>>> print(open('start15.tsv').read())   # TSV, C-alpha atoms
chain	number	residue	atom	x	y	z
A	128	MET	CA	59.75	63.54	91.88
A	129	GLN	CA	59.57	67.20	92.95
A	130	ALA	CA	61.80	68.45	95.80
A	131	GLU	CA	58.74	69.25	97.94
A	132	ASP	CA	57.51	65.65	97.53
A	133	PHE	CA	60.92	64.29	98.46
A	134	LEU	CA	61.23	66.44	101.60
A	135	ASN	CA	57.69	65.87	102.89
A	136	ASP	CA	56.83	65.36	106.58
A	137	ASP	CA	56.63	61.55	106.35
A	138	PHE	CA	60.04	61.39	104.75
A	139	LEU	CA	61.66	63.71	107.34
A	140	LYS	CA	60.12	61.83	110.30
A	141	GLN	CA	62.51	58.93	109.75
A	142	PHE	CA	65.42	61.10	110.91
A	143	LYS	CA	66.02	61.51	114.65
A	144	ASP	CA	67.64	64.93	114.34
A	145	GLY	CA	69.50	67.27	112.01
A	146	LYS	CA	72.71	65.28	112.35
A	147	ASP	CA	70.94	62.12	111.24
A	148	PHE	CA	69.57	63.97	108.21
A	149	MET	CA	73.01	65.36	107.32
A	150	SER	CA	74.42	61.83	107.52
A	151	PHE	CA	71.81	60.78	104.98
A	152	MET	CA	72.75	63.73	102.76
A	153	ASP	CA	76.42	62.75	102.96
A	154	GLN	CA	75.54	59.26	101.76
A	155	MET	CA	73.63	60.82	98.87
A	156	TYR	CA	76.71	62.93	98.14
A	157	LYS	CA	78.92	59.80	98.29
A	158	ARG	CA	76.72	57.94	95.78
A	159	GLY	CA	76.62	60.99	93.50
A	160	VAL	CA	80.38	61.46	93.54
A	161	GLU	CA	81.02	57.77	92.89
A	162	LYS	CA	78.62	57.80	89.94
A	163	MET	CA	80.35	60.89	88.52
A	164	LEU	CA	83.75	59.25	88.97
A	165	GLU	CA	82.51	56.24	87.01
A	166	GLY	CA	81.30	58.61	84.30
A	167	GLU	CA	84.66	60.39	84.20
A	168	LEU	CA	86.45	57.05	83.77
A	169	ASP	CA	84.03	56.05	80.98
A	170	SER	CA	84.89	59.29	79.20
A	171	HIS	CA	88.62	58.80	79.81
A	172	LEU	CA	88.59	55.25	78.38
A	173	GLY	CA	86.13	56.01	75.60
A	174	TYR	CA	83.67	53.23	76.43
A	175	VAL	CA	81.23	52.35	79.20
A	176	LYS	CA	81.72	49.39	81.51
A	177	HIS	CA	81.19	45.94	79.87
A	178	ASP	CA	80.83	47.53	76.37
A	179	LYS	CA	83.84	45.73	74.88
A	180	GLN	CA	82.68	46.32	71.29
A	181	ARG	CA	83.37	50.06	71.51
A	182	LYS	CA	86.72	49.66	73.24
A	183	GLN	CA	89.48	51.27	71.17
A	184	THR	CA	92.27	51.41	73.75
A	185	ASP	CA	94.67	49.02	75.46
A	186	ASN	CA	93.87	50.70	78.74
A	187	SER	CA	91.04	49.28	80.88
A	188	ARG	CA	89.45	49.39	84.31
A	189	ASN	CA	91.48	48.10	87.22
A	190	GLY	CA	89.18	47.87	90.23
A	191	TYR	CA	88.85	50.58	92.88
A	192	GLY	CA	90.88	52.47	95.40
A	193	GLU	CA	89.41	54.06	98.49
A	194	LYS	CA	89.89	57.65	99.56
A	195	LYS	CA	88.79	59.45	102.69
A	196	VAL	CA	87.23	62.75	101.73
A	197	LYS	CA	86.35	65.58	104.11
A	198	THR	CA	83.01	67.28	103.58
A	199	GLU	CA	81.24	70.00	105.54
A	200	HIS	CA	79.90	67.37	107.94
A	201	GLY	CA	82.70	64.88	108.41
A	202	GLU	CA	84.65	62.22	106.50
A	203	LEU	CA	83.41	59.87	103.79
A	204	ASP	CA	85.00	56.78	102.24
A	205	ILE	CA	84.76	57.22	98.47
A	206	LYS	CA	85.38	54.38	96.03
A	207	VAL	CA	87.59	55.76	93.27
A	208	PRO	CA	87.80	53.70	90.05
A	209	ARG	CA	91.29	53.01	88.65
A	210	ASP	CA	92.69	52.26	85.21
A	211	ARG	CA	95.56	49.93	84.37
A	212	ASP	CA	98.06	52.54	83.12
A	213	SER	CA	97.23	55.01	85.94
A	214	SER	CA	96.52	57.85	83.50
A	215	PHE	CA	93.06	58.57	84.96
A	216	ASP	CA	93.09	61.82	86.96
A	217	PRO	CA	89.51	62.57	88.07
A	218	GLN	CA	88.53	66.24	87.98
A	219	ILE	CA	85.77	66.07	90.56
A	220	LEU	CA	88.15	64.55	93.11
A	221	PRO	CA	91.74	65.27	92.05
A	222	LYS	CA	94.60	62.97	93.04
A	223	ARG	CA	96.23	63.77	96.38
A	224	SER	CA	93.18	65.77	97.45
A	225	LYS	CA	91.49	64.82	100.72
A	226	LEU	CA	88.82	67.49	100.56
A	227	SER	CA	85.81	67.90	98.35
A	228	GLU	CA	86.55	70.53	95.70
A	229	GLY	CA	83.86	72.79	97.11
A	230	ILE	CA	85.56	72.99	100.51
A	231	GLU	CA	88.96	73.81	98.99
A	232	LYS	CA	87.46	76.54	96.83
A	233	LEU	CA	85.62	77.97	99.83
A	234	VAL	CA	88.81	78.09	101.92
A	235	VAL	CA	90.78	79.80	99.14
A	236	SER	CA	87.95	82.25	98.49
A	237	LEU	CA	87.73	83.21	102.18
A	238	TYR	CA	91.52	83.62	102.33
A	239	ALA	CA	91.44	85.80	99.19
A	240	LYS	CA	88.95	88.09	100.93
A	241	GLY	CA	91.41	88.78	103.73
A	242	MET	CA	90.42	86.22	106.37
A	243	SER	CA	93.12	84.62	108.54
A	244	ASN	CA	93.40	80.85	109.02
A	245	ALA	CA	91.78	81.20	112.47
A	246	ASP	CA	88.94	83.27	110.96
A	247	ILE	CA	88.34	80.64	108.28
A	248	GLU	CA	88.28	77.83	110.87
A	249	GLU	CA	85.69	79.75	112.92
A	250	GLU	CA	83.61	80.61	109.84
A	251	LEU	CA	83.42	76.95	108.75
A	252	ARG	CA	82.51	75.84	112.26
A	253	GLU	CA	79.75	78.45	112.63
A	254	LEU	CA	78.23	78.04	109.19
A	255	TYR	CA	78.65	74.30	108.61
A	256	ASP	CA	79.31	72.83	112.06
A	257	PHE	CA	82.47	71.49	110.43
A	258	ARG	CA	85.95	71.80	111.96
A	259	LEU	CA	88.87	72.13	109.60
A	260	PRO	CA	92.18	72.29	111.51
A	261	PRO	CA	94.36	75.39	110.90
A	262	SER	CA	97.13	73.06	109.66
A	263	THR	CA	94.82	71.78	106.89
A	264	ILE	CA	93.81	75.34	105.99
A	265	SER	CA	97.51	76.26	105.80
A	266	THR	CA	98.13	73.27	103.51
A	267	ILE	CA	95.34	74.37	101.17
A	268	THR	CA	96.46	77.99	100.99
A	269	ALA	CA	100.13	76.94	100.70
A	270	ARG	CA	99.31	75.38	97.32
A	271	VAL	CA	98.66	78.92	96.12
A	272	THR	CA	102.44	79.49	96.35
A	273	ASP	CA	102.96	76.93	93.57
A	274	ASP	CA	100.28	78.67	91.51
A	275	ILE	CA	102.03	82.04	92.02
A	276	LEU	CA	105.37	80.58	90.93
A	277	ALA	CA	103.88	79.13	87.72
A	278	TRP	CA	101.90	82.31	87.00
A	279	GLN	CA	104.83	84.64	87.72
A	280	ASN	CA	107.11	82.71	85.35
A	281	ARG	CA	104.66	82.13	82.50
A	282	PRO	CA	105.74	83.30	79.03
A	283	LEU	CA	104.38	86.68	77.93
A	284	ASP	CA	103.46	88.12	74.53
A	285	PRO	CA	106.26	89.69	72.47
A	286	VAL	CA	104.42	93.03	72.12
A	287	TYR	CA	102.09	94.97	74.41
A	288	MET	CA	100.25	98.07	73.24
A	289	ILE	CA	100.32	99.72	76.68
A	290	VAL	CA	101.79	98.75	80.05
A	291	TRP	CA	100.69	100.55	83.22
A	292	MET	CA	103.02	100.27	86.22
A	293	ASP	CA	102.51	101.22	89.84
A	294	GLY	CA	103.41	100.16	93.38
A	295	ILE	CA	101.27	99.47	96.44
A	296	VAL	CA	102.72	99.52	99.98
A	297	PHE	CA	102.07	96.90	102.69
A	298	LYS	CA	103.37	96.40	106.21
A	299	VAL	CA	105.38	93.18	106.57
A	300	ARG	CA	107.22	91.68	109.54
A	301	GLU	CA	110.96	91.30	109.10
A	302	SER	CA	113.55	90.59	111.83
A	303	ASN	CA	111.01	91.25	114.60
A	304	LYS	CA	110.07	94.63	113.11
A	305	VAL	CA	107.17	95.76	110.93
A	306	ILE	CA	108.46	97.60	107.87
A	307	ASN	CA	106.95	98.95	104.64
A	308	LYS	CA	107.40	96.86	101.53
A	309	THR	CA	106.12	97.52	98.02
A	310	ILE	CA	104.26	95.17	95.71
A	311	TYR	CA	105.16	96.23	92.18
A	312	LEU	CA	102.44	95.61	89.59
A	313	ALA	CA	102.46	95.75	85.79
A	314	VAL	CA	99.25	95.54	83.75
A	315	GLY	CA	99.49	95.13	79.98
A	316	LEU	CA	97.06	95.72	77.13
A	317	ASN	CA	97.67	92.89	74.69
A	318	MET	CA	97.12	92.59	70.93
A	319	GLU	CA	93.54	91.38	71.49
A	320	GLY	CA	92.68	94.50	73.48
A	321	ARG	CA	92.44	92.62	76.78
A	322	LYS	CA	93.97	93.78	80.05
A	323	GLU	CA	96.37	91.32	81.66
A	324	VAL	CA	98.32	91.46	84.93
A	325	LEU	CA	101.85	90.66	83.82
A	326	GLY	CA	103.21	89.96	87.29
A	327	LEU	CA	103.72	91.04	90.87
A	328	TRP	CA	107.06	91.63	92.53
A	329	LEU	CA	107.89	92.38	96.17
A	330	GLY	CA	110.62	94.80	97.16
A	331	LYS	CA	111.38	97.54	99.64
A	332	ASN	CA	110.37	101.17	99.09
A	333	GLU	CA	109.48	101.93	95.48
A	334	SER	CA	112.55	102.84	93.44
A	335	SER	CA	113.60	103.09	89.81
A	336	ALA	CA	116.37	100.55	90.57
A	337	PHE	CA	113.83	97.88	91.52
A	338	TRP	CA	111.68	98.77	88.50
A	339	MET	CA	114.74	97.94	86.39
A	340	SER	CA	114.59	94.35	87.69
A	341	VAL	CA	110.84	94.23	86.95
A	342	LEU	CA	111.34	95.39	83.36
A	343	THR	CA	114.22	92.94	82.91
A	344	ASP	CA	112.00	90.12	84.16
A	345	LEU	CA	109.32	91.06	81.60
A	346	GLN	CA	112.00	90.99	78.93
A	347	THR	CA	113.33	87.56	79.92
A	348	ARG	CA	109.76	86.19	79.82
A	349	GLY	CA	109.39	87.16	76.17
A	350	VAL	CA	108.38	90.83	76.01
A	351	GLN	CA	110.30	92.40	73.13
A	352	ASP	CA	108.49	95.71	72.79
A	353	ILE	CA	106.12	97.97	74.73
A	354	LEU	CA	104.60	100.72	72.61
A	355	ILE	CA	103.52	103.02	75.48
A	356	THR	CA	104.26	102.90	79.23
A	357	CYS	CA	102.17	104.76	81.81
A	358	THR	CA	103.76	105.41	85.21
A	359	ASP	CA	103.86	107.81	88.13
A	360	ASN	CA	106.62	110.45	88.13
A	361	LEU	CA	109.05	108.54	90.32
A	362	GLY	CA	112.53	110.02	89.84
A	363	GLY	CA	114.53	108.17	87.20
A	364	PHE	CA	111.66	105.85	86.18
A	365	THR	CA	111.43	107.16	82.61
A	366	GLN	CA	115.16	106.68	82.03
A	367	THR	CA	114.94	103.17	83.50
A	368	ILE	CA	112.21	102.22	81.02
A	369	ARG	CA	114.21	103.61	78.11
A	370	SER	CA	117.27	101.61	79.10
A	371	VAL	CA	115.31	98.34	78.73
A	372	PHE	CA	112.70	99.26	76.08
A	373	PRO	CA	114.35	102.16	74.21
A	374	GLN	CA	111.55	102.57	71.65
A	375	SER	CA	108.76	102.85	74.22
A	376	THR	CA	106.80	106.12	74.47
A	377	THR	CA	106.80	107.06	78.16
A	378	GLN	CA	103.78	108.85	79.63
A	379	ILE	CA	103.86	110.17	83.19
A	380	CYS	CA	100.46	110.06	84.90
A	381	VAL	CA	98.92	113.56	84.83
A	382	VAL	CA	96.86	112.84	87.96
A	383	HIS	CA	100.05	111.99	89.90
A	384	GLN	CA	101.56	115.24	88.65
A	385	ILE	CA	98.54	117.25	89.86
A	386	ARG	CA	98.74	115.59	93.29
A	387	ASN	CA	102.47	116.19	93.58
A	388	ALA	CA	102.14	119.84	92.51
A	389	CYS	CA	99.41	120.36	95.13
A	390	LYS	CA	101.58	119.04	97.97
A	391	TYR	CA	103.18	122.44	98.32
A	392	VAL	CA	99.99	124.50	98.04
A	393	VAL	CA	98.17	125.82	101.11
A	394	TRP	CA	94.69	124.44	101.70
A	395	LYS	CA	92.73	127.59	100.77
A	396	ASP	CA	94.48	127.79	97.36
A	397	LYS	CA	94.16	124.11	96.41
A	398	LYS	CA	90.78	124.28	94.69
A	399	PRO	CA	91.51	127.28	92.40
A	400	PHE	CA	95.08	126.02	91.86
A	401	THR	CA	93.78	122.60	90.70
A	402	GLU	CA	91.12	124.18	88.48
A	403	ASP	CA	93.73	126.37	86.80
A	404	MET	CA	95.80	123.28	85.92
A	405	LYS	CA	92.91	121.64	84.05
A	406	PRO	CA	93.28	123.73	80.83
A	407	ILE	CA	96.86	122.44	80.54
A	408	TYR	CA	96.06	118.74	80.20
A	409	SER	CA	92.67	119.22	78.50
A	410	ALA	CA	94.14	121.40	75.72
A	411	PRO	CA	93.62	120.17	72.12
A	412	ASN	CA	97.36	119.81	71.42
A	413	LYS	CA	100.82	120.17	72.96
A	414	GLN	CA	101.35	123.75	71.72
A	415	ALA	CA	98.08	124.93	73.25
A	416	ALA	CA	98.96	123.06	76.47
A	417	GLU	CA	102.29	124.89	76.67
A	418	ALA	CA	100.52	128.23	76.26
A	419	GLU	CA	98.16	127.28	79.10
A	420	LEU	CA	101.14	126.37	81.28
A	421	THR	CA	102.63	129.80	80.66
A	422	THR	CA	99.33	131.42	81.71
A	423	PHE	CA	99.29	129.19	84.81
A	424	GLU	CA	102.87	130.18	85.63
A	425	LEU	CA	102.08	133.91	85.36
A	426	LYS	CA	99.31	133.49	87.94
A	427	TRP	CA	100.93	131.06	90.42
A	428	GLY	CA	104.65	130.99	89.62
A	429	ILE	CA	105.83	133.50	92.21
A	430	LYS	CA	103.83	131.93	95.04
A	431	TYR	CA	104.44	128.28	94.13
A	432	PRO	CA	107.57	128.05	91.94
A	433	TYR	CA	108.21	124.37	92.70
A	434	ALA	CA	104.80	123.34	91.28
A	435	ILE	CA	105.60	125.11	87.99
A	436	ARG	CA	109.13	123.69	87.90
A	437	SER	CA	107.81	120.10	88.27
A	438	TRP	CA	105.63	120.64	85.17
A	439	ARG	CA	108.57	122.08	83.21
A	440	ILE	CA	111.04	119.34	84.22
A	441	ASN	CA	108.68	116.51	83.21
A	442	TRP	CA	106.98	118.36	80.32
A	443	ASP	CA	107.82	115.96	77.44
A	444	ASP	CA	106.73	112.86	79.40
A	445	LEU	CA	103.63	114.57	80.80
A	446	THR	CA	102.47	115.60	77.33
A	447	ALA	CA	103.35	112.46	75.34
A	448	PHE	CA	99.63	111.61	75.13
A	449	PHE	CA	99.08	114.62	72.79
A	450	GLU	CA	100.84	112.61	70.07
A	451	PHE	CA	97.90	110.20	69.89
A	452	PRO	CA	94.24	110.26	68.83
A	453	LEU	CA	91.61	111.00	71.49
A	454	GLU	CA	90.66	107.32	72.01
A	455	ILE	CA	94.24	106.43	72.96
A	456	ARG	CA	94.77	109.65	74.94
A	457	LYS	CA	91.91	108.75	77.29
A	458	ILE	CA	93.52	105.50	78.37
A	459	ILE	CA	97.15	106.61	78.72
A	460	TYR	CA	97.21	110.05	80.32
A	461	THR	CA	96.60	108.59	83.80
A	462	THR	CA	97.35	105.35	85.64
A	463	ASN	CA	93.73	105.19	86.84
A	464	LEU	CA	93.33	101.65	85.50
A	465	ILE	CA	96.03	100.21	87.74
A	466	GLU	CA	95.08	102.47	90.65
A	467	ASN	CA	91.52	101.10	90.48
A	468	LEU	CA	93.04	97.61	90.63
A	469	ASN	CA	95.09	98.68	93.65
A	470	GLY	CA	91.88	99.86	95.31
A	471	LYS	CA	90.31	96.42	94.88
A	472	ILE	CA	93.42	94.77	96.31
A	473	ARG	CA	93.16	97.08	99.33
A	474	LYS	CA	89.52	96.09	99.73
A	475	TYR	CA	90.42	92.39	99.90
A	476	THR	CA	93.43	92.87	102.17
A	477	LYS	CA	92.11	95.62	104.48
A	478	ASN	CA	91.67	93.17	107.39
A	479	LYS	CA	95.41	92.49	107.44
A	480	MET	CA	97.12	95.20	109.51
A	481	SER	CA	100.47	93.59	108.69
A	482	PHE	CA	101.71	90.36	107.11
A	483	PRO	CA	103.93	87.85	108.93
A	484	THR	CA	106.14	87.05	105.92
A	485	ASP	CA	106.90	88.05	102.34
A	486	GLU	CA	105.16	84.90	101.14
A	487	ALA	CA	102.00	85.82	103.04
A	488	VAL	CA	101.70	89.24	101.41
A	489	LYS	CA	102.39	87.84	97.93
A	490	LYS	CA	99.82	85.10	98.46
A	491	SER	CA	97.14	87.55	99.59
A	492	VAL	CA	97.80	90.01	96.76
A	493	TYR	CA	97.84	87.22	94.15
A	494	LEU	CA	94.48	85.86	95.34
A	495	ALA	CA	93.05	89.40	95.45
A	496	LEU	CA	94.25	89.91	91.87
A	497	MET	CA	92.56	86.71	90.74
A	498	GLU	CA	89.28	87.89	92.32
A	499	ALA	CA	89.57	91.45	90.99
A	500	THR	CA	90.35	90.45	87.39
A	501	LYS	CA	87.71	87.73	86.94
A	502	LYS	CA	85.73	90.04	84.66
A	503	TRP	CA	88.69	90.95	82.45
A	504	THR	CA	87.41	88.74	79.64
A	505	MET	CA	86.45	91.28	76.97
A	506	PRO	CA	88.50	93.78	74.93
A	507	ILE	CA	88.47	97.39	76.08
A	508	HIS	CA	85.82	99.77	74.73
A	509	ASN	CA	86.32	100.82	71.08
A	510	TRP	CA	89.10	98.26	70.56
A	511	PRO	CA	88.61	97.79	66.76
A	512	LEU	CA	89.08	101.55	66.29
A	513	ILE	CA	92.01	101.73	68.74
A	514	ILE	CA	93.94	98.81	67.23
A	515	ASN	CA	93.66	100.40	63.80
A	516	GLN	CA	95.08	103.61	65.24
A	517	PHE	CA	97.98	101.68	66.80
A	518	ILE	CA	98.69	99.95	63.48
A	519	ALA	CA	98.71	103.29	61.64
A	520	ILE	CA	101.06	104.92	64.20
A	521	PHE	CA	103.36	101.95	64.91
A	522	GLU	CA	103.26	100.35	61.48
A	523	GLN	CA	106.66	98.66	61.71
A	524	ARG	CA	106.22	97.39	65.28
A	525	VAL	CA	102.68	95.98	65.28
A	526	LYS	CA	102.24	92.76	63.33
A	527	VAL	CA	98.63	91.52	63.04
>>> encode(input="start15.tsv", output="structure tokens")
Amino acid sequence: MQAEDFLNDDFLKQFKDGKDFMSFMDQMYKRGVEKMLEGELDSHLGYVKHDKQRKQTDNSRNGYGEKKVKTEHGELDIKVPRDRDSSFDPQILPKRSKLSEGIEKLVVSLYAKGMSNADIEEELRELYDFRLPPSTISTITARVTDDILAWQNRPLDPVYMIVWMDGIVFKVRESNKVINKTIYLAVGLNMEGRKEVLGLWLGKNESSAFWMSVLTDLQTRGVQDILITCTDNLGGFTQTIRSVFPQSTTQICVVHQIRNACKYVVWKDKKPFTEDMKPIYSAPNKQAAEAELTTFELKWGIKYPYAIRSWRINWDDLTAFFEFPLEIRKIIYTTNLIENLNGKIRKYTKNKMSFPTDEAVKKSVYLALMEATKKWTMPIHNWPLIINQFIAIFEQRVKV
């Protein structure tokens, strides 16, 4: 039967109003869910009901339990089939869940996009004429904390080709004051060429001391070697990395360096000043880059000595990318990858002027990360070529 035949005028006339029709639809939903539960149990046991000939297990059906399930339109009593050894855990209606899976996913998705519990309650009421108490919404989103704990403590690969590290600042309430706290993020490029968020950590203002604890955590979770790290030029960060991963090549983000150098340049000089820095980092090799820096210094050194000094002080870590082929250079000379990720996190959390607790900010950032990285399923562009370059350069440290 076609949908238009099913929903014809004669059929719809039997319902007094929209609520009556939705009640009918809930009953259809109830029958559908119960049928799917029966199918799940058939699959779990390996034979359909009454087909004793195909039974190859000591386990068997054991009647039904009843569960109240919330839907968009109210509550339904669902008959849930049971098995004798209680090993059946239905996927469509998980144990201990009182909501249809669709509702839970919707609540988590709305929360991930920056909506408060009160906003979610109002959204559900307006769209579905369905009231979900804030306490229930809190219960659903609180489960994310368990997910974060498991995710944050999962084992990591022994070797990462590249790890990008950066911090993002949020306002969080603490002792009746709103203060700045930093979410520290590390994104790794694994042996398959896929990007992977290695973890998130919450601390106070970004510091090399806290990054030490982040790197130590990566180490305790199984990371033995990082070939290249890409960071901003936070004071002491490079030395911190070397103290935990002494063999790692450290690359300071060139874009951060340009921004920092421009802080001390007057507005009318910024454009020509920035353009004159470009030949330094776009040079074909380190020697040519150093010659360009000398030219740059002759032009701007007297007026802006600090900008030149910051290049000189960090020169080896700013120019580490020259040691590598062009394909690798493109992905390590800036932290753009992780900054783009930070931008997506900001997009999802922009409605939150401040967070009430540390747990709240971690929960929101974790959910934003899960949304932002959904498409991280394929290796990076040119990966077969890049992995061969890594193998040639780091022959003793990359085992494939």
>>> residues_around(input="start15.tsv", residues="range 340-346 of chain A", least_positions_apart="4", cutoff="7 Å", atoms="all atoms listed in the file", output="number ranges by chain")
A: 350-351, 371
>>> residues_around(input="start15.tsv", residues="range 352-361 of chain A", least_positions_apart="3", cutoff="8 Å", atoms="only C-alpha atoms", output="PyMOL selection string")
chain A and resi 285-293+334-335+364+372+374-380+383-384+459-462+521
>>> write_last_selection(input="start15.tsv", atoms="C-alpha atoms", output="mmCIF file, in the frame of the given file")
data_model
loop_
_atom_site.group_PDB
_atom_site.id
_atom_site.type_symbol
_atom_site.label_atom_id
_atom_site.label_comp_id
_atom_site.auth_asym_id
_atom_site.auth_seq_id
_atom_site.Cartn_x
_atom_site.Cartn_y
_atom_site.Cartn_z
ATOM 1 C CA PRO A 285 106.260 89.690 72.470
ATOM 2 C CA VAL A 286 104.420 93.030 72.120
ATOM 3 C CA TYR A 287 102.090 94.970 74.410
ATOM 4 C CA MET A 288 100.250 98.070 73.240
ATOM 5 C CA ILE A 289 100.320 99.720 76.680
ATOM 6 C CA VAL A 290 101.790 98.750 80.050
ATOM 7 C CA TRP A 291 100.690 100.550 83.220
ATOM 8 C CA MET A 292 103.020 100.270 86.220
ATOM 9 C CA ASP A 293 102.510 101.220 89.840
ATOM 10 C CA SER A 334 112.550 102.840 93.440
ATOM 11 C CA SER A 335 113.600 103.090 89.810
ATOM 12 C CA PHE A 364 111.660 105.850 86.180
ATOM 13 C CA PHE A 372 112.700 99.260 76.080
ATOM 14 C CA GLN A 374 111.550 102.570 71.650
ATOM 15 C CA SER A 375 108.760 102.850 74.220
ATOM 16 C CA THR A 376 106.800 106.120 74.470
ATOM 17 C CA THR A 377 106.800 107.060 78.160
ATOM 18 C CA GLN A 378 103.780 108.850 79.630
ATOM 19 C CA ILE A 379 103.860 110.170 83.190
ATOM 20 C CA CYS A 380 100.460 110.060 84.900
ATOM 21 C CA HIS A 383 100.050 111.990 89.900
ATOM 22 C CA GLN A 384 101.560 115.240 88.650
ATOM 23 C CA ILE A 459 97.150 106.610 78.720
ATOM 24 C CA TYR A 460 97.210 110.050 80.320
ATOM 25 C CA THR A 461 96.600 108.590 83.800
ATOM 26 C CA THR A 462 97.350 105.350 85.640
ATOM 27 C CA PHE A 521 103.360 101.950 64.910
#
>>> closest_residue(input="start15.tsv", among="A:Leu237, A:Leu164, A:Glu522, A:Ala313", to="Thr476 in chain A", atoms="only C-alpha atoms")
A:Leu237
>>> atom_distance(input="start15.tsv", atom1="CA of Gln414 in chain A", atom2="CA of Asn515 in chain A")
25.8 Å
>>> residues_around(input="start15.tsv", residues="range 324-333 of chain A", least_positions_apart="3", cutoff="8 Å", atoms="only C-alpha atoms", output="list in words")
Trp278, Gln279, Leu283, Gly294, Val296, Asn307, Lys308, Thr309, Ile310, Tyr311, Leu312, Ala313, Val314, Gly315, Phe337, Trp338, Val341, Leu345, Asp485, Lys489 and Tyr493 of chain A
>>> atom_distance(input="start15.tsv", atom1="CA of Ala434 in chain A", atom2="CA of Cys389 in chain A")
7.3 Å
>>> closest_residue(input="start15.tsv", among="A:Ala277, A:Leu168, A:Ile435, A:Leu494", to="Leu420 in chain A", atoms="only C-alpha atoms")
A:Ile435
>>> atom_distance(input="start15.tsv", atom1="CA of Glu319 in chain A", atom2="CA of Leu464 in chain A")
17.4 Å
>>> closest_residue(input="start15.tsv", among="A:Glu466, A:Glu250, A:Glu419, A:Glu161", to="Pro406 in chain A", atoms="all atoms listed in the file")
A:Glu419
>>> residues_around(input="start15.tsv", residues="Ala269 in chain A", least_positions_apart="3", cutoff="10 Å", atoms="all atoms listed in the file", output="list in words")
Val235, Thr263, Ile264, Ser265, Thr266, Thr272, Asp273, Asp274, Glu486, Ala487 and Lys490 of chain A
>>> write_last_selection(input="start15.tsv", atoms="C-alpha atoms", output="CSV table (one decimal), in the coordinates of the input")
chain,number,residue,atom,x,y,z
A,235,VAL,CA,90.8,79.8,99.1
A,263,THR,CA,94.8,71.8,106.9
A,264,ILE,CA,93.8,75.3,106.0
A,265,SER,CA,97.5,76.3,105.8
A,266,THR,CA,98.1,73.3,103.5
A,272,THR,CA,102.4,79.5,96.4
A,273,ASP,CA,103.0,76.9,93.6
A,274,ASP,CA,100.3,78.7,91.5
A,486,GLU,CA,105.2,84.9,101.1
A,487,ALA,CA,102.0,85.8,103.0
A,490,LYS,CA,99.8,85.1,98.5
>>> closest_residue(input="start15.tsv", among="A:Arg386, A:Arg252, A:Arg300, A:Lys206", to="Trp438 in chain A", atoms="only C-alpha atoms")
A:Arg386
>>> closest_residue(input="start15.tsv", among="A:Glu417, A:Glu301, A:Asp246, A:Glu424", to="Asn478 in chain A", atoms="all atoms listed in the file")
A:Asp246
>>> closest_residue(input="start15.tsv", among="A:Pro399, A:Val160, A:Glu167, A:Arg209", to="Ser187 in chain A", atoms="all atoms listed in the file")
A:Arg209
